[in-house]
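Peer 1: The structure under discussion is supplied below as structure tokens; questions concerning it will follow.
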Amino acid sequence: MSNILIKRQVTPIELEGNQPDFELCKVVDREIKPDQSPQTITKVVRQGFRVNNKLLRPIEVITSKLE
């Protein structure tokens, strides 16, 4: 399956840092993490992909909140 995706130029999106890029990420949930700054990515729920540098599916993430 991965060979087919590579041939079709489908590549996984790599995040830089721990803050969501809202053009590439979709926040699906928030969890209380008082030890982290708000809007910090705590977990990647579903990997996102690009095809020919166009967004195919965004990365689904869970971010932190204070309360």
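If you're wondering about the labels, chains in the structure tokens are A, B, ... by order shown, residues count from 1 in each chain, ligands from 1 in order shown.
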Give me the residues within 10 Å of Ile59 of chain A as a PyMOL selection string, counting only C-alpha atoms and dropping any in the same chain fewer than 5 places off.
Peer 2: chain A and resi 12-15+20-28+44-49
Peer 1: Find the residue from A:Asp35, A:Arg50, A:Ser2, A:Thr42 that sits nearest to Gln19 of chain A; use only C-alpha atoms when measuring.
Peer 2: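 The answer is A:Thr42, which sits nearest to Gln19 of chain A.
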Peer 1: Given only C-alpha atoms as the basis, pick out the residue of A:Lys43, A:Gln36, A:Ile4, A:Gln9 nearest to Ile62 of chain A.
Peer 2: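 So, comparing all the options, the nearest one is A:Lys43.
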Peer 1: Mind checking DSSP for chain A and telling me the strand (DSSP E or B) residues as a PyMOL selection string?
Peer 2: chain A and resi 10-12+25-32+41-46+49-51+54-57+59-65
Peer 1: Restricting it to N, CA and C atoms, dump the selection as a PDB file, in the first residue's frame.
Peer 2:
```pdb
ATOM      1  N   VAL A  10       1.819  10.811  -2.669  1.00  0.00           N
ATOM      2  CA  VAL A  10       1.140  11.089  -1.411  1.00  0.00           C
ATOM      3  C   VAL A  10       2.187  10.989  -0.308  1.00  0.00           C
ATOM      4  N   THR A  11       2.343  12.085   0.456  1.00  0.00           N
ATOM      5  CA  THR A  11       3.351  12.108   1.506  1.00  0.00           C
ATOM      6  C   THR A  11       2.713  12.516   2.830  1.00  0.00           C
ATOM      7  N   PRO A  12       3.195  11.956   3.936  1.00  0.00           N
ATOM      8  CA  PRO A  12       2.678  12.366   5.249  1.00  0.00           C
ATOM      9  C   PRO A  12       3.122  13.787   5.571  1.00  0.00           C
ATOM     10  N   CYS A  25      -3.671  21.352  10.362  1.00  0.00           N
ATOM     11  CA  CYS A  25      -4.182  20.605  11.512  1.00  0.00           C
ATOM     12  C   CYS A  25      -5.663  20.861  11.736  1.00  0.00           C
ATOM     13  N   LYS A  26      -6.306  19.844  12.285  1.00  0.00           N
ATOM     14  CA  LYS A  26      -7.688  19.960  12.727  1.00  0.00           C
ATOM     15  C   LYS A  26      -7.702  19.526  14.187  1.00  0.00           C
ATOM     16  N   VAL A  27      -8.113  20.412  15.081  1.00  0.00           N
ATOM     17  CA  VAL A  27      -8.182  20.087  16.503  1.00  0.00           C
ATOM     18  C   VAL A  27      -9.490  19.339  16.737  1.00  0.00           C
ATOM     19  N   VAL A  28      -9.388  18.087  17.194  1.00  0.00           N
ATOM     20  CA  VAL A  28     -10.579  17.263  17.393  1.00  0.00           C
ATOM     21  C   VAL A  28     -10.981  17.177  18.852  1.00  0.00           C
ATOM     22  N   ASP A  29     -10.078  17.573  19.763  1.00  0.00           N
ATOM     23  CA  ASP A  29     -10.392  17.543  21.189  1.00  0.00           C
ATOM     24  C   ASP A  29      -9.388  18.413  21.921  1.00  0.00           C
ATOM     25  N   ARG A  30      -9.743  18.781  23.145  1.00  0.00           N
ATOM     26  CA  ARG A  30      -8.836  19.537  24.012  1.00  0.00           C
ATOM     27  C   ARG A  30      -8.831  18.852  25.365  1.00  0.00           C
ATOM     28  N   GLU A  31      -7.668  18.833  26.008  1.00  0.00           N
ATOM     29  CA  GLU A  31      -7.576  18.229  27.325  1.00  0.00           C
ATOM     30  C   GLU A  31      -6.892  19.195  28.286  1.00  0.00           C
ATOM     31  N   ILE A  32      -7.275  19.110  29.541  1.00  0.00           N
ATOM     32  CA  ILE A  32      -6.728  20.002  30.553  1.00  0.00           C
ATOM     33  C   ILE A  32      -5.309  19.568  30.886  1.00  0.00           C
ATOM     34  N   ILE A  41       0.102  20.924  21.147  1.00  0.00           N
ATOM     35  CA  ILE A  41      -0.319  19.602  20.685  1.00  0.00           C
ATOM     36  C   ILE A  41       0.130  18.564  21.704  1.00  0.00           C
ATOM     37  N   THR A  42      -0.828  17.801  22.219  1.00  0.00           N
ATOM     38  CA  THR A  42      -0.497  16.754  23.179  1.00  0.00           C
ATOM     39  C   THR A  42      -0.520  15.370  22.540  1.00  0.00           C
ATOM     40  N   LYS A  43      -1.283  15.236  21.452  1.00  0.00           N
ATOM     41  CA  LYS A  43      -1.373  13.925  20.798  1.00  0.00           C
ATOM     42  C   LYS A  43      -1.825  14.085  19.354  1.00  0.00           C
ATOM     43  N   VAL A  44      -1.240  13.304  18.476  1.00  0.00           N
ATOM     44  CA  VAL A  44      -1.702  13.223  17.088  1.00  0.00           C
ATOM     45  C   VAL A  44      -2.645  12.031  17.010  1.00  0.00           C
ATOM     46  N   VAL A  45      -3.896  12.299  16.656  1.00  0.00           N
ATOM     47  CA  VAL A  45      -4.915  11.259  16.603  1.00  0.00           C
ATOM     48  C   VAL A  45      -4.900  10.538  15.258  1.00  0.00           C
ATOM     49  N   ARG A  46      -4.718  11.311  14.188  1.00  0.00           N
ATOM     50  CA  ARG A  46      -4.750  10.750  12.845  1.00  0.00           C
ATOM     51  C   ARG A  46      -3.765  11.510  11.966  1.00  0.00           C
ATOM     52  N   PHE A  49      -2.054  13.915   5.257  1.00  0.00           N
ATOM     53  CA  PHE A  49      -1.306  13.661   4.028  1.00  0.00           C
ATOM     54  C   PHE A  49      -1.472  14.790   3.026  1.00  0.00           C
ATOM     55  N   ARG A  50      -0.459  14.915   2.179  1.00  0.00           N
ATOM     56  CA  ARG A  50      -0.477  15.827   1.039  1.00  0.00           C
ATOM     57  C   ARG A  50      -0.321  15.007  -0.227  1.00  0.00           C
ATOM     58  N   VAL A  51      -0.857  15.533  -1.306  1.00  0.00           N
ATOM     59  CA  VAL A  51      -0.628  14.954  -2.620  1.00  0.00           C
ATOM     60  C   VAL A  51      -0.272  16.113  -3.542  1.00  0.00           C
ATOM     61  N   LYS A  54      -0.657  19.568  -2.198  1.00  0.00           N
ATOM     62  CA  LYS A  54      -2.006  19.990  -1.831  1.00  0.00           C
ATOM     63  C   LYS A  54      -2.457  19.134  -0.648  1.00  0.00           C
ATOM     64  N   LEU A  55      -3.233  19.739   0.238  1.00  0.00           N
ATOM     65  CA  LEU A  55      -3.715  19.027   1.419  1.00  0.00           C
ATOM     66  C   LEU A  55      -4.730  17.968   1.019  1.00  0.00           C
ATOM     67  N   LEU A  56      -4.430  16.734   1.348  1.00  0.00           N
ATOM     68  CA  LEU A  56      -5.344  15.630   1.080  1.00  0.00           C
ATOM     69  C   LEU A  56      -6.211  15.369   2.309  1.00  0.00           C
ATOM     70  N   ARG A  57      -5.567  15.287   3.474  1.00  0.00           N
ATOM     71  CA  ARG A  57      -6.274  15.096   4.738  1.00  0.00           C
ATOM     72  C   ARG A  57      -5.471  15.809   5.824  1.00  0.00           C
ATOM     73  N   ILE A  59      -3.981  16.803   9.576  1.00  0.00           N
ATOM     74  CA  ILE A  59      -3.584  16.054  10.767  1.00  0.00           C
ATOM     75  C   ILE A  59      -4.624  16.344  11.844  1.00  0.00           C
ATOM     76  N   GLU A  60      -5.155  15.310  12.481  1.00  0.00           N
ATOM     77  CA  GLU A  60      -6.108  15.495  13.572  1.00  0.00           C
ATOM     78  C   GLU A  60      -5.341  15.397  14.884  1.00  0.00           C
ATOM     79  N   VAL A  61      -5.470  16.442  15.714  1.00  0.00           N
ATOM     80  CA  VAL A  61      -4.690  16.530  16.944  1.00  0.00           C
ATOM     81  C   VAL A  61      -5.566  16.834  18.151  1.00  0.00           C
ATOM     82  N   ILE A  62      -5.014  16.559  19.325  1.00  0.00           N
ATOM     83  CA  ILE A  62      -5.596  16.979  20.598  1.00  0.00           C
ATOM     84  C   ILE A  62      -4.638  18.034  21.158  1.00  0.00           C
ATOM     85  N   THR A  63      -5.209  19.144  21.624  1.00  0.00           N
ATOM     86  CA  THR A  63      -4.393  20.219  22.177  1.00  0.00           C
ATOM     87  C   THR A  63      -4.707  20.426  23.654  1.00  0.00           C
ATOM     88  N   SER A  64      -3.830  21.147  24.317  1.00  0.00           N
ATOM     89  CA  SER A  64      -3.983  21.397  25.740  1.00  0.00           C
ATOM     90  C   SER A  64      -4.808  22.668  25.995  1.00  0.00           C
ATOM     91  N   LYS A  65      -5.388  22.711  27.176  1.00  0.00           N
ATOM     92  CA  LYS A  65      -6.046  23.925  27.674  1.00  0.00           C
ATOM     93  C   LYS A  65      -5.787  23.998  29.171  1.00  0.00           C
TER      94      LYS A  65
END
```
Peer 1: Report, in Å to a single decimal, how far apart atom CA of Pro58 of chain A and atom CA of Ile6 of chain A are.
Peer 2: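 Between these atoms lies a distance of 17.9 Å.
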Peer 1: I need the residues in chain A that are alpha helix (DSSP H) according to DSSP; give them as a PyMOL selection string.
Peer 2: chain A and resi 2-7
Peer 1: Store the residues picked out above in a file with N, CA and C atoms, as a JSON list (two decimals), in the first residue's frame.
Peer 2:
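As a result, again-v1.json now contains:
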```json
[["chain", "number", "residue", "atom", "x", "y", "z"],
["A", 2, "SER", "N", 1.92, 1.26, 0.80],
["A", 2, "SER", "CA", 2.77, 2.46, 0.86],
["A", 2, "SER", "C", 3.47, 2.73, -0.47],
["A", 3, "ASN", "N", 3.79, 1.68, -1.23],
["A", 3, "ASN", "CA", 4.40, 1.88, -2.55],
["A", 3, "ASN", "C", 3.44, 2.59, -3.51],
["A", 4, "ILE", "N", 2.17, 2.26, -3.41],
["A", 4, "ILE", "CA", 1.15, 2.90, -4.26],
["A", 4, "ILE", "C", 1.06, 4.39, -3.89],
["A", 5, "LEU", "N", 1.07, 4.68, -2.59],
["A", 5, "LEU", "CA", 0.99, 6.08, -2.16],
["A", 5, "LEU", "C", 2.21, 6.87, -2.61],
["A", 6, "ILE", "N", 3.38, 6.27, -2.53],
["A", 6, "ILE", "CA", 4.60, 6.94, -2.97],
["A", 6, "ILE", "C", 4.55, 7.21, -4.47],
["A", 7, "LYS", "N", 4.09, 6.24, -5.25],
["A", 7, "LYS", "CA", 3.98, 6.43, -6.69],
["A", 7, "LYS", "C", 3.01, 7.56, -7.04]]
```
